[in-house]
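Trainee: Before I ask anything, let me first share the structure, which is written out below as structure tokens.
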Amino acid sequence: MQDSIILENVGVRFGELSILNDVNLSIHAGEFIVVLGPNGAGKTTLLKLLLGLIHPSAGKIQILGRTPRRGNQAIGYVPQHRVIEPETPLRARDLVGFGLDGHRWGIGLPSRARTEMIDRALEEVDALSLAESPVGLLSGGEQQRLMIAQALLTDPKILLLDEPLANLDLAHQQEVVGLISRICRTRGVTTLLVSHDINPLLQATDRVLFLARGHAAIGAPSEVINNETLSRLYGLPVEVARVADRFFVLGAEL
């Protein structure tokens, strides 16, 4: 199976602070990977590495066979969600269209081709009916759909999502997870989703990438989220309980 992402002995340091240390992993084309770990473990740093926004202090990274670079249209990126003020004078269609305009100032000029591209992206995330709606009046789940549509406009081969479930209630979490999973499977796009909770994602993910204290472990959820693996990553005793297909981690911050 072809690999979309390869990290070989990757380290990241900021001065005396070590964020990642000798990380090795391969992510296959079309995989759905959930990235877990405590605050400061390097989850967002990993996404920045893949986006070419920062460079590793050591080791080598390959994205689709090439060194990461800024502005790579083969990567769709959904940043951490920020609340949009209700009075924001922006339609849903305009927000999605920023996915075509990120390299220049202002909103792109209207055209039939542009409108069709935006409509297709909105339809793919079940949000075409929201196209003319003021963004600030939409729910958090609806706004998240728009951000995903924006990331899909360049037809990416890799989709990176930073905490897309944060601040969503359980119902909206399930909707967004189902949507992302469907996109991953139907498009065959390699998906990395950063989260603080594996439980809403258990049925969707292929493997889990867990980061802690600069180290990484990757595998099926049960292979990674267990007493032995997490105790090794955290460097202290960690107990994992599994109840009714849910994981509960005791003694460490997930």
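Chain identifiers are assigned as A, B, and so on, following the order in which chains appear in the structure tokens; residues are numbered from 1 within each chain, and ligands are numbered from 1 in order of appearance.
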Compile the contact shell of Leu161 (chain A) as number ranges by chain: residues with an atom at most 9 Å away, counting only C-alpha atoms, same-chain residues fewer than 4 positions apart removed.

Mentor: A: 47, 76-80, 148, 191-195

Trainee: So that I can see what lies close to region 108-123 of chain A, please list as a PyMOL selection string the residues with an atom at most 12 Å from it, counting only C-alpha atoms and leaving out residues fewer than 3 positions away in the same chain.

Mentor: chain A and resi 92-105+126-132+142-155+179+183

Trainee: Considering only C-alpha atoms, state which residue in the set A:Leu90, A:Ser181, A:Gly65, A:Leu36 is at the smallest distance from Ile225 (chain A).

Mentor: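 Smallest separation from Ile225 (chain A) among the options: A:Leu36.
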
Trainee: As a VMD selection string, please: all residues of region 3-168 of chain A that backbone DSSP puts in strand (DSSP E or B).

Mentor: chain A and resid 3 to 14 17 to 28 32 to 36 58 to 63 66 75 to 78 91 134 158 to 162

Trainee: If we count only C-alpha atoms, what is near Asp22 (chain A) at a cut-off of 10 Å, once residues fewer than 6 positions away on the same chain are taken out, given as number ranges by chain?

Mentor: A: 7-12, 58-59, 214-216

Trainee: Using only C-alpha atoms, pick whichever of A:Leu64, A:Leu138, A:Val125, A:Ile158 has the shortest atom-to-atom distance to Ile180 (chain A).

Mentor: A:Val125
